[in-house]
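Colleague: Data file query.tsv (TSV, C-alpha atoms) is appended below.
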```
chain	number	residue	atom	x	y	z
A	21	MET	CA	4.12	-92.83	-134.05
A	22	SER	CA	4.55	-89.61	-132.21
A	23	ALA	CA	4.36	-91.38	-128.84
A	24	THR	CA	6.97	-93.92	-129.97
A	25	LEU	CA	9.26	-91.15	-131.14
A	26	THR	CA	8.94	-89.24	-127.87
A	27	TYR	CA	9.61	-92.41	-125.89
A	28	SER	CA	12.67	-93.32	-127.91
A	29	MET	CA	14.05	-89.79	-127.55
A	30	ARG	CA	13.65	-89.93	-123.78
A	31	LEU	CA	15.40	-93.28	-123.75
A	32	ASP	CA	18.28	-91.74	-125.63
A	33	GLU	CA	18.41	-88.55	-123.63
A	34	GLU	CA	18.09	-89.70	-120.04
A	35	PRO	CA	21.34	-91.67	-119.84
A	36	ALA	CA	23.19	-88.70	-121.37
A	37	ILE	CA	21.82	-86.36	-118.71
A	38	ASP	CA	22.71	-88.86	-115.97
A	39	LEU	CA	26.21	-89.20	-117.32
A	40	GLU	CA	26.59	-85.44	-117.41
A	41	GLU	CA	25.41	-85.13	-113.82
A	42	GLN	CA	27.68	-87.95	-112.72
A	43	THR	CA	30.62	-86.31	-114.49
A	44	LEU	CA	29.80	-83.01	-112.79
A	45	ASP	CA	29.54	-84.64	-109.35
A	46	HIS	CA	32.73	-86.59	-109.90
A	47	SER	CA	34.58	-83.49	-111.11
A	48	GLN	CA	33.32	-81.49	-108.15
A	49	ALA	CA	34.43	-84.20	-105.73
A	50	PHE	CA	37.79	-84.30	-107.47
A	51	GLU	CA	38.14	-80.52	-107.23
A	52	ARG	CA	37.25	-80.56	-103.54
A	53	PHE	CA	39.82	-83.27	-102.95
A	54	LEU	CA	42.61	-81.39	-104.74
A	55	ALA	CA	41.72	-78.10	-103.06
A	56	GLY	CA	42.01	-79.91	-99.71
A	57	VAL	CA	45.47	-81.35	-100.30
A	58	GLU	CA	47.25	-79.01	-102.71
A	59	ARG	CA	48.85	-76.62	-100.21
A	60	ARG	CA	50.12	-79.33	-97.91
A	61	ALA	CA	51.39	-81.28	-100.92
A	62	PHE	CA	53.24	-78.18	-102.11
A	63	ARG	CA	54.88	-77.68	-98.71
A	64	ILE	CA	55.85	-81.36	-98.55
A	65	ALA	CA	57.47	-81.18	-102.00
A	66	TRP	CA	59.12	-77.86	-101.17
A	67	ILE	CA	60.80	-79.23	-98.03
A	68	VAL	CA	62.66	-81.71	-100.24
A	69	VAL	CA	63.35	-79.71	-103.42
A	70	ARG	CA	63.71	-76.22	-101.86
A	71	ASN	CA	62.42	-74.35	-104.87
A	72	ASP	CA	58.94	-72.91	-105.49
A	73	ASP	CA	58.84	-73.64	-109.22
A	74	ASP	CA	60.11	-77.18	-108.87
A	75	ALA	CA	57.71	-77.94	-106.00
A	76	LEU	CA	54.83	-76.52	-108.02
A	77	ASP	CA	55.79	-78.61	-111.07
A	78	ILE	CA	55.86	-81.74	-108.92
A	79	VAL	CA	52.44	-81.04	-107.39
A	80	GLN	CA	50.92	-80.13	-110.76
A	81	ASP	CA	52.31	-83.28	-112.29
A	82	ALA	CA	50.98	-85.40	-109.42
A	83	MET	CA	47.53	-83.83	-109.86
A	84	LEU	CA	47.54	-84.53	-113.62
A	85	GLN	CA	48.71	-88.10	-113.11
A	86	LEU	CA	46.00	-88.69	-110.53
A	87	ALA	CA	43.37	-87.34	-112.93
A	88	ARG	CA	44.75	-89.33	-115.84
A	89	ARG	CA	45.35	-92.67	-114.15
A	90	TYR	CA	43.11	-92.83	-111.10
A	91	GLY	CA	40.47	-90.16	-111.62
A	92	GLU	CA	37.83	-92.84	-112.15
A	93	ARG	CA	38.65	-94.63	-108.90
A	94	PRO	CA	36.43	-94.14	-105.82
A	95	ALA	CA	37.10	-90.83	-104.05
A	96	GLU	CA	38.27	-92.51	-100.83
A	97	GLU	CA	41.24	-93.99	-102.72
A	98	TRP	CA	42.48	-90.66	-104.06
A	99	ARG	CA	44.45	-89.49	-101.04
A	100	PRO	CA	46.91	-92.39	-100.67
A	101	LEU	CA	47.19	-92.67	-104.46
A	102	PHE	CA	47.89	-88.95	-104.81
A	103	TYR	CA	50.59	-89.09	-102.16
A	104	ARG	CA	52.09	-92.18	-103.73
A	105	ILE	CA	52.40	-90.30	-107.03
A	106	LEU	CA	53.73	-87.23	-105.22
A	107	GLN	CA	56.42	-89.22	-103.40
A	108	ASN	CA	57.41	-90.93	-106.66
A	109	ARG	CA	57.64	-87.55	-108.38
A	110	ILE	CA	59.79	-86.15	-105.59
A	111	ARG	CA	62.09	-89.18	-105.82
A	112	ASP	CA	62.18	-88.87	-109.63
A	113	PHE	CA	63.08	-85.21	-109.27
A	114	GLN	CA	66.00	-86.01	-106.99
A	115	ARG	CA	67.18	-88.79	-109.32
A	116	ARG	CA	66.82	-86.46	-112.29
A	117	ARG	CA	69.03	-83.92	-110.55
A	118	LYS	CA	71.71	-86.58	-110.14
A	119	VAL	CA	71.35	-87.85	-113.72
A	120	ARG	CA	71.52	-84.31	-115.10
A	121	SER	CA	74.72	-83.65	-113.24
A	122	ARG	CA	76.12	-86.95	-114.58
A	123	ILE	CA	75.15	-86.12	-118.17
A	124	LEU	CA	76.34	-82.54	-117.87
A	125	SER	CA	79.61	-83.59	-116.26
A	126	TRP	CA	80.24	-85.46	-119.51
A	127	TRP	CA	79.78	-82.16	-121.29
A	128	PRO	CA	82.94	-80.10	-120.63
A	129	LEU	CA	81.74	-76.51	-121.02
A	130	ARG	CA	78.63	-76.89	-118.91
A	131	SER	CA	80.26	-78.86	-116.12
A	132	ALA	CA	82.96	-76.22	-115.65
A	133	GLN	CA	80.30	-73.52	-115.54
A	134	ASP	CA	78.23	-75.45	-112.99
A	135	GLU	CA	81.21	-76.04	-110.76
A	136	GLU	CA	81.98	-72.32	-110.67
A	137	GLY	CA	78.47	-71.43	-109.58
A	138	SER	CA	77.89	-74.15	-107.03
A	139	ASP	CA	78.10	-73.52	-103.33
A	140	PRO	CA	80.05	-76.32	-101.60
A	141	TYR	CA	78.28	-75.62	-98.28
A	142	GLU	CA	74.79	-75.70	-99.79
A	143	GLY	CA	72.74	-78.49	-98.25
A	144	VAL	CA	75.12	-79.09	-95.37
A	145	PRO	CA	72.97	-79.49	-92.24
A	146	ASP	CA	73.30	-77.09	-89.37
A	147	PRO	CA	75.57	-78.93	-86.93
A	148	ASP	CA	73.84	-77.62	-83.83
A	149	PRO	CA	70.19	-76.72	-84.47
A	150	LEU	CA	68.39	-74.88	-81.69
A	151	PRO	CA	65.60	-76.51	-79.69
A	152	LEU	CA	62.18	-75.84	-81.26
A	153	GLU	CA	60.67	-74.27	-78.16
A	154	ARG	CA	63.18	-71.41	-78.07
A	155	LEU	CA	62.52	-70.25	-81.62
A	156	THR	CA	59.83	-68.14	-83.24
A	157	THR	CA	57.34	-70.07	-85.34
A	158	GLU	CA	59.01	-69.24	-88.66
A	159	GLU	CA	62.49	-70.02	-87.39
A	160	ALA	CA	61.25	-73.24	-85.83
A	161	MET	CA	59.66	-74.32	-89.10
A	162	ARG	CA	62.86	-73.57	-90.99
A	163	VAL	CA	64.89	-75.67	-88.54
A	164	LEU	CA	62.32	-78.45	-88.71
A	165	GLU	CA	62.34	-78.37	-92.54
A	166	ASP	CA	66.12	-78.66	-92.59
A	167	SER	CA	66.07	-81.57	-90.19
A	168	VAL	CA	63.27	-83.38	-92.05
A	169	ALA	CA	65.07	-82.87	-95.37
A	170	ASN	CA	68.17	-84.52	-93.92
A	171	LEU	CA	66.39	-87.67	-92.75
A	172	PRO	CA	66.91	-90.90	-94.73
A	173	VAL	CA	64.38	-91.01	-97.61
A	174	ARG	CA	61.97	-93.60	-96.20
A	175	GLN	CA	61.96	-92.02	-92.73
A	176	ARG	CA	61.33	-88.63	-94.28
A	177	GLU	CA	58.43	-89.94	-96.34
A	178	ALA	CA	56.86	-91.73	-93.39
A	179	PHE	CA	57.20	-88.65	-91.18
A	180	MET	CA	55.77	-86.21	-93.71
A	181	LEU	CA	52.84	-88.45	-94.63
A	182	ARG	CA	51.94	-89.44	-91.06
A	183	ASN	CA	52.73	-86.26	-89.18
A	184	PHE	CA	52.29	-83.44	-91.69
A	185	GLU	CA	49.58	-84.91	-93.89
A	186	GLY	CA	47.87	-86.98	-91.18
A	187	LEU	CA	47.57	-90.18	-93.22
A	188	SER	CA	46.72	-93.34	-91.27
A	189	VAL	CA	49.28	-96.14	-91.05
A	190	ALA	CA	47.38	-98.09	-93.72
A	191	GLU	CA	47.15	-95.07	-96.06
A	192	THR	CA	50.83	-94.30	-95.54
A	193	ALA	CA	51.73	-97.92	-96.35
A	194	LEU	CA	49.77	-97.65	-99.60
A	195	ALA	CA	51.35	-94.30	-100.42
A	196	MET	CA	54.87	-95.59	-99.71
A	197	GLY	CA	54.33	-98.99	-101.28
A	198	CYS	CA	55.43	-100.92	-98.17
A	199	THR	CA	53.94	-102.80	-95.23
A	200	GLU	CA	52.27	-101.15	-92.25
A	201	GLY	CA	55.03	-102.56	-90.04
A	202	SER	CA	57.67	-100.76	-92.11
A	203	VAL	CA	55.71	-97.51	-91.86
A	204	LYS	CA	55.64	-97.79	-88.05
A	205	THR	CA	59.38	-98.51	-87.92
A	206	HIS	CA	60.33	-95.66	-90.30
A	207	TYR	CA	58.02	-93.21	-88.54
A	208	SER	CA	59.24	-94.11	-85.07
A	209	ARG	CA	62.88	-93.77	-86.12
A	210	ALA	CA	62.14	-90.45	-87.79
A	211	VAL	CA	60.41	-89.02	-84.71
A	212	HIS	CA	63.22	-90.10	-82.42
A	213	ALA	CA	65.91	-88.78	-84.77
A	214	LEU	CA	64.16	-85.44	-85.16
A	215	ARG	CA	63.49	-85.11	-81.49
A	216	GLU	CA	67.10	-85.84	-80.69
A	217	GLN	CA	68.24	-83.24	-83.20
A	218	LEU	CA	65.74	-80.53	-82.35
A	219	GLU	CA	65.10	-80.87	-78.66
A	220	ARG	CA	68.74	-81.06	-77.67
A	221	GLU	CA	69.33	-78.98	-74.57
B	206	MET	CA	59.95	-96.99	-64.50
B	207	SER	CA	56.42	-96.86	-65.86
B	208	GLU	CA	56.28	-93.18	-64.86
B	209	ASN	CA	59.33	-92.56	-67.02
B	210	THR	CA	57.78	-94.47	-69.93
B	211	SER	CA	54.60	-92.48	-69.57
B	212	LYS	CA	56.57	-89.21	-69.44
B	213	ASP	CA	58.53	-90.20	-72.56
B	214	ARG	CA	55.27	-90.99	-74.34
B	215	ASN	CA	53.83	-87.62	-73.35
B	216	ASP	CA	56.99	-85.83	-74.47
B	217	LEU	CA	56.85	-87.66	-77.77
B	218	ASP	CA	53.18	-86.81	-78.24
B	219	GLY	CA	53.95	-83.18	-77.42
B	220	PHE	CA	56.78	-83.15	-79.95
B	221	GLU	CA	54.60	-84.66	-82.67
B	222	ALA	CA	51.82	-82.18	-81.93
B	223	ARG	CA	54.31	-79.30	-82.09
B	224	THR	CA	55.77	-80.36	-85.46
B	225	ARG	CA	52.25	-80.89	-86.84
B	226	ALA	CA	51.21	-77.41	-85.68
B	227	LEU	CA	54.33	-75.83	-87.19
B	228	PHE	CA	53.62	-77.46	-90.52
B	229	ALA	CA	49.94	-76.42	-90.44
B	230	ASP	CA	51.02	-72.86	-89.66
B	231	SER	CA	53.44	-72.81	-92.62
B	232	VAL	CA	50.62	-74.01	-94.90
B	233	GLU	CA	48.35	-71.22	-93.62
B	234	ARG	CA	51.03	-68.60	-94.25
B	235	MET	CA	51.45	-69.58	-97.89
B	236	ASP	CA	51.74	-66.54	-100.16
B	237	ALA	CA	48.99	-65.48	-102.54
B	238	ARG	CA	51.06	-66.11	-105.68
B	239	THR	CA	51.67	-69.76	-104.79
B	240	ARG	CA	48.01	-70.23	-103.87
B	241	SER	CA	47.02	-68.80	-107.22
B	242	ARG	CA	49.41	-71.09	-109.11
B	243	LEU	CA	48.12	-74.11	-107.20
B	244	ASN	CA	44.61	-73.02	-108.12
B	245	GLN	CA	45.58	-73.01	-111.80
B	246	ALA	CA	47.24	-76.42	-111.47
B	247	ARG	CA	44.07	-77.80	-109.90
B	248	HIS	CA	41.91	-76.51	-112.74
B	249	ALA	CA	44.27	-78.06	-115.28
B	250	ALA	CA	43.91	-81.41	-113.48
B	251	ILE	CA	40.11	-81.13	-113.46
B	252	GLU	CA	40.15	-80.41	-117.19
B	253	GLU	CA	42.33	-83.48	-117.63
B	254	LEU	CA	39.81	-85.58	-115.70
B	255	ARG	CA	36.97	-84.30	-117.89
B	256	ALA	CA	38.99	-84.98	-121.04
B	257	GLN	CA	39.74	-88.51	-119.81
B	258	ARG	CA	36.05	-89.13	-119.24
B	259	ALA	CA	35.20	-87.80	-122.70
B	260	HIS	CA	38.03	-89.73	-124.43
B	261	PRO	CA	39.06	-92.74	-122.32
B	262	TRP	CA	41.38	-94.06	-125.10
B	263	ARG	CA	43.83	-91.20	-124.37
B	264	ARG	CA	45.02	-93.03	-121.24
B	265	GLU	CA	46.29	-95.98	-123.28
B	266	TRP	CA	48.43	-93.85	-125.63
B	267	MET	CA	49.80	-91.29	-123.18
B	268	PRO	CA	52.83	-93.30	-121.86
B	269	LEU	CA	54.25	-93.63	-125.37
B	270	GLY	CA	55.05	-89.91	-125.36
B	271	GLY	CA	57.58	-90.20	-122.52
B	272	ALA	CA	59.34	-93.22	-124.02
B	273	THR	CA	59.58	-91.54	-127.41
B	274	ALA	CA	61.02	-88.36	-125.90
B	275	ALA	CA	63.56	-90.45	-123.94
B	276	ALA	CA	64.64	-92.27	-127.09
B	277	ILE	CA	65.01	-88.98	-128.98
B	278	VAL	CA	67.13	-87.40	-126.22
B	279	GLY	CA	69.28	-90.54	-125.96
B	280	VAL	CA	69.89	-90.81	-129.69
B	281	TRP	CA	70.50	-87.07	-130.04
B	282	ILE	CA	73.09	-86.99	-127.24
B	283	SER	CA	74.95	-90.07	-128.42
B	284	MET	CA	75.07	-88.75	-132.01
B	285	ASN	CA	75.93	-85.11	-131.39
B	286	LEU	CA	78.21	-84.73	-128.42
B	287	GLY	CA	81.94	-84.47	-128.92
B	288	GLY	CA	84.59	-86.03	-126.68
B	289	PRO	CA	83.99	-86.79	-123.05
B	290	SER	CA	85.52	-84.58	-120.36
B	291	GLU	CA	86.30	-87.67	-118.29
B	292	PRO	CA	88.33	-90.42	-119.94
B	293	ASN	CA	86.02	-93.20	-118.74
B	294	ALA	CA	82.74	-91.38	-119.29
B	295	ASP	CA	80.52	-92.72	-122.04
B	296	PRO	CA	76.95	-91.52	-122.58
B	297	ARG	CA	76.03	-94.92	-123.99
B	298	SER	CA	76.59	-96.33	-120.50
B	299	ILE	CA	73.72	-94.22	-119.15
B	300	PRO	CA	70.57	-96.39	-119.05
B	301	LEU	CA	67.54	-95.43	-121.15
B	302	GLU	CA	65.41	-94.95	-118.06
B	303	ASP	CA	67.75	-92.15	-116.99
B	304	PHE	CA	67.27	-90.42	-120.32
B	305	GLU	CA	63.54	-90.87	-119.79
B	306	LEU	CA	63.79	-89.06	-116.48
B	307	VAL	CA	65.60	-86.17	-118.10
B	308	ALA	CA	63.24	-86.14	-121.08
B	309	GLU	CA	60.25	-85.96	-118.73
B	310	THR	CA	61.00	-82.30	-117.95
B	311	ALA	CA	58.20	-80.43	-119.65
B	312	SER	CA	60.38	-77.89	-121.44
B	313	LEU	CA	63.21	-80.25	-122.38
B	314	GLU	CA	65.50	-77.40	-121.38
B	315	LEU	CA	68.44	-79.76	-121.10
B	316	LEU	CA	68.25	-80.57	-124.79
B	317	GLN	CA	68.07	-76.87	-125.59
B	318	ASP	CA	71.11	-76.16	-123.40
B	319	VAL	CA	73.10	-78.95	-124.99
B	320	GLU	CA	72.22	-77.67	-128.46
B	321	PHE	CA	73.37	-74.18	-127.46
B	322	TYR	CA	76.70	-75.39	-126.14
B	323	ALA	CA	77.22	-77.60	-129.19
B	324	TRP	CA	76.63	-74.51	-131.36
B	325	ILE	CA	79.22	-72.53	-129.35
B	326	ALA	CA	81.70	-75.40	-129.70
B	327	ASP	CA	81.11	-75.41	-133.49
B	328	GLN	CA	81.72	-71.66	-133.63
B	329	ASP	CA	84.95	-72.00	-131.65
B	330	ALA	CA	86.11	-74.87	-133.86
B	331	GLY	CA	85.31	-72.87	-137.02
B	332	GLU	CA	87.25	-69.84	-135.77
B	333	SER	CA	90.33	-71.87	-134.85
B	334	ASP	CA	90.25	-73.58	-138.29
B	335	HIS	CA	90.25	-70.16	-139.99
B	336	SER	CA	93.01	-68.75	-137.80
B	337	GLY	CA	95.17	-71.86	-138.10
```
Here is the file; what I need is its structure written in the form of structure tokens.

Modeller:
Amino acid sequence: MSATLTYSMRLDEEPAIDLEEQTLDHSQAFERFLAGVERRAFRIAWIVVRNDDDALDIVQDAMLQLARRYGERPAEEWRPLFYRILQNRIRDFQRRRKVRSRILSWWPLRSAQDEEGSDPYEGVPDPDPLPLERLTTEEAMRVLEDSVANLPVRQREAFMLRNFEGLSVAETALAMGCTEGSVKTHYSRAVHALREQLERE
Amino acid sequence: MSENTSKDRNDLDGFEARTRALFADSVERMDARTRSRLNQARHAAIEELRAQRAHPWRREWMPLGGATAAAIVGVWISMNLGGPSEPNADPRSIPLEDFELVAETASLELLQDVEFYAWIADQDAGESDHSG
């Protein structure tokens, strides 16, 4: 009786311990993954939205969505999935900005207030950016950020994912939701456009 | 000809390496406050993963929250706003998915702002009724 009881308890307990260990390993792997991408993801979001709080919200949201929707997927799938969510969030943020201005333009008091405070020259690209080599590192990064932010959306995404984040063509295609051929085309156009802008003598 | 092509390729490689290095440098120079906030965000995501593993059914119900919030914002705006500032503007012409985007903001600050301005408009209307 006693032996049967002990045996049945072990049967019950062992899977629970395994599950706990698996959960721990999985959580640790997930934490390592996020710790490895979070700063670059923040910088990528910041280049587009130009605001610390907004960029942080986007990254935090992408992390939560990854945990919620794809946390159970194999670890090697996390990176392209995370960047796919991040790019979608960045695009949503930009759309939301436009929608908000549409809704608020319908609202008379707020739209007048917004118009007073807005800077008409904000977001206008520098017409003659300096070549990268002649600038200090911080200045060069600022010029590069401005130029990247002004690229067409798909070129910008391809450039940031391939060049900044170092995703492969296949990973970038998964993150952007397009073919590998499109990634190559967008990336090549982005590099040439940036080089033309930034390396002008 | 092939020398030129090779030089162009090298220039391009050099340019890509330079932009990559600039980006890496900007990541390294990130301030402590942002690093700390990213650290907190990461821990929140890990807690979410653990909660998902403990209660997998949560995943199925989560999307309903966003749709409900969008519907509330849409209904509230169409019921409470006064006249449009533009003659052709009509909030009912804004698709539901746009309201969903706005409603997705965690604090729903837009709704709070709109309520505040509606309150001011009511106050103004009340004062002009009394004076007139």

Colleague: Could you check which of B:Thr210, B:Asn215, B:Thr224, B:Ser241 is closest to chain A, using all atoms listed in the file?

Modeller: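 Smallest separation from chain A among the options: B:Thr224.
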
Colleague: Give me the residues near segment 55-71 of chain A as a list in words, where near means some atom within 7 Å (using only C-alpha atoms) and where sequence neighbours in that chain fewer than 3 positions away do not count.

Modeller: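 The residues that qualify are Glu51, Arg52, Asp74, Ala75, Leu76, Val79, Ile110, Glu165, Ala169, Met180 and Glu185 of chain A; Val232 and Leu243 of chain B.
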
Colleague: I'd like the neighbourhood of segment 204-208 of chain A as a PDB file with C-alpha atoms, in the frame of the given file, where a residue qualifies if any of its atoms comes within 10 Å (using all atoms listed in the file), though same-chain residues fewer than 4 positions away should be ignored.

Modeller:
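Saved as result-v8.pdb:
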```pdb
ATOM      1  CA  PRO A 172      66.910 -90.900 -94.730  1.00  0.00           C
ATOM      2  CA  VAL A 173      64.380 -91.010 -97.610  1.00  0.00           C
ATOM      3  CA  ARG A 174      61.970 -93.600 -96.200  1.00  0.00           C
ATOM      4  CA  GLN A 175      61.960 -92.020 -92.730  1.00  0.00           C
ATOM      5  CA  ARG A 176      61.330 -88.630 -94.280  1.00  0.00           C
ATOM      6  CA  GLU A 177      58.430 -89.940 -96.340  1.00  0.00           C
ATOM      7  CA  ALA A 178      56.860 -91.730 -93.390  1.00  0.00           C
ATOM      8  CA  PHE A 179      57.200 -88.650 -91.180  1.00  0.00           C
ATOM      9  CA  MET A 180      55.770 -86.210 -93.710  1.00  0.00           C
ATOM     10  CA  LEU A 181      52.840 -88.450 -94.630  1.00  0.00           C
ATOM     11  CA  ARG A 182      51.940 -89.440 -91.060  1.00  0.00           C
ATOM     12  CA  ASN A 183      52.730 -86.260 -89.180  1.00  0.00           C
ATOM     13  CA  VAL A 189      49.280 -96.140 -91.050  1.00  0.00           C
ATOM     14  CA  THR A 192      50.830 -94.300 -95.540  1.00  0.00           C
ATOM     15  CA  ALA A 193      51.730 -97.920 -96.350  1.00  0.00           C
ATOM     16  CA  THR A 199      53.940-102.800 -95.230  1.00  0.00           C
ATOM     17  CA  GLU A 200      52.270-101.150 -92.250  1.00  0.00           C
ATOM     18  CA  HIS A 212      63.220 -90.100 -82.420  1.00  0.00           C
ATOM     19  CA  ALA A 213      65.910 -88.780 -84.770  1.00  0.00           C
ATOM     20  CA  LEU A 214      64.160 -85.440 -85.160  1.00  0.00           C
TER      21      LEU A 214
END
```

Colleague: For chain B, which of A:Gln107, A:Gln80, A:Ser202, A:Ser188 is the closest residue, counting only C-alpha atoms?

Modeller: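 Among A:Gln107, A:Gln80, A:Ser202, A:Ser188, it is A:Gln80 that comes nearest to chain B.
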
Colleague: Report the distance between atom CA of Thr157 of chain A and atom CA of Met235 of chain B in Å, rounded to one decimal place.

Modeller: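 Interatomic distance here is 13.9 Å.
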
Colleague: One number please: atom CA of Val168 of chain A to atom CA of Leu227 of chain B, in Å, one decimal.

Modeller: 12.7 Å

Colleague: What is the distance between atom CA of Gln217 of chain A and atom CA of Ala229 of chain B, in Å to one decimal?

Modeller: 20.8 Å

Colleague: Would you list which chain A residues are within 8 Å of chain B using all atoms listed in the file, as a PyMOL selection string?

Modeller: chain A and resi 43+47+50-51+54-55+58-60+63+72+76+80+83-84+87-89+91+112+115-116+119-120+123+125-130+157-158+160-161+164+183-184+211+215

Colleague: Would you pull segment 156-172 of chain A out of the block just shown and save N, CA and C atoms as a compact mmCIF listing (two decimals), in the first residue's frame?

Modeller:
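For reference, part-v3.txt as written:
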```
# COMPACT_ATOMS: atom_id res chain seq x y z
N THR A 156 31.63 64.15 -36.73
CA THR A 156 31.92 63.34 -35.55
C THR A 156 30.90 62.21 -35.51
N THR A 157 31.15 61.23 -34.66
CA THR A 157 30.29 60.05 -34.63
C THR A 157 28.83 60.42 -34.32
N GLU A 158 28.65 61.28 -33.33
CA GLU A 158 27.27 61.65 -32.94
C GLU A 158 26.57 62.43 -34.04
N GLU A 159 27.30 63.36 -34.63
CA GLU A 159 26.71 64.14 -35.73
C GLU A 159 26.38 63.23 -36.91
N ALA A 160 27.30 62.32 -37.19
CA ALA A 160 27.10 61.40 -38.32
C ALA A 160 25.87 60.54 -38.09
N MET A 161 25.69 60.08 -36.84
CA MET A 161 24.52 59.24 -36.56
C MET A 161 23.24 60.05 -36.71
N ARG A 162 23.29 61.31 -36.29
CA ARG A 162 22.10 62.15 -36.40
C ARG A 162 21.72 62.35 -37.88
N VAL A 163 22.74 62.61 -38.69
CA VAL A 163 22.49 62.79 -40.13
C VAL A 163 21.96 61.49 -40.74
N LEU A 164 22.57 60.38 -40.34
CA LEU A 164 22.12 59.08 -40.86
C LEU A 164 20.67 58.80 -40.44
N GLU A 165 20.35 59.08 -39.17
CA GLU A 165 18.98 58.87 -38.68
C GLU A 165 17.98 59.68 -39.50
N ASP A 166 18.33 60.94 -39.75
CA ASP A 166 17.42 61.79 -40.53
C ASP A 166 17.21 61.21 -41.92
N SER A 167 18.30 60.78 -42.52
CA SER A 167 18.20 60.25 -43.88
C SER A 167 17.41 58.95 -43.92
N VAL A 168 17.66 58.07 -42.94
CA VAL A 168 16.92 56.80 -42.89
C VAL A 168 15.43 57.07 -42.67
N ALA A 169 15.13 58.00 -41.78
CA ALA A 169 13.73 58.31 -41.48
C ALA A 169 12.99 58.84 -42.71
N ASN A 170 13.73 59.45 -43.63
CA ASN A 170 13.08 60.01 -44.82
C ASN A 170 13.00 59.04 -46.00
N LEU A 171 13.51 57.83 -45.82
CA LEU A 171 13.38 56.84 -46.90
C LEU A 171 11.92 56.40 -47.02
N PRO A 172 11.52 55.91 -48.20
CA PRO A 172 10.19 55.27 -48.30
C PRO A 172 10.09 54.12 -47.29
```
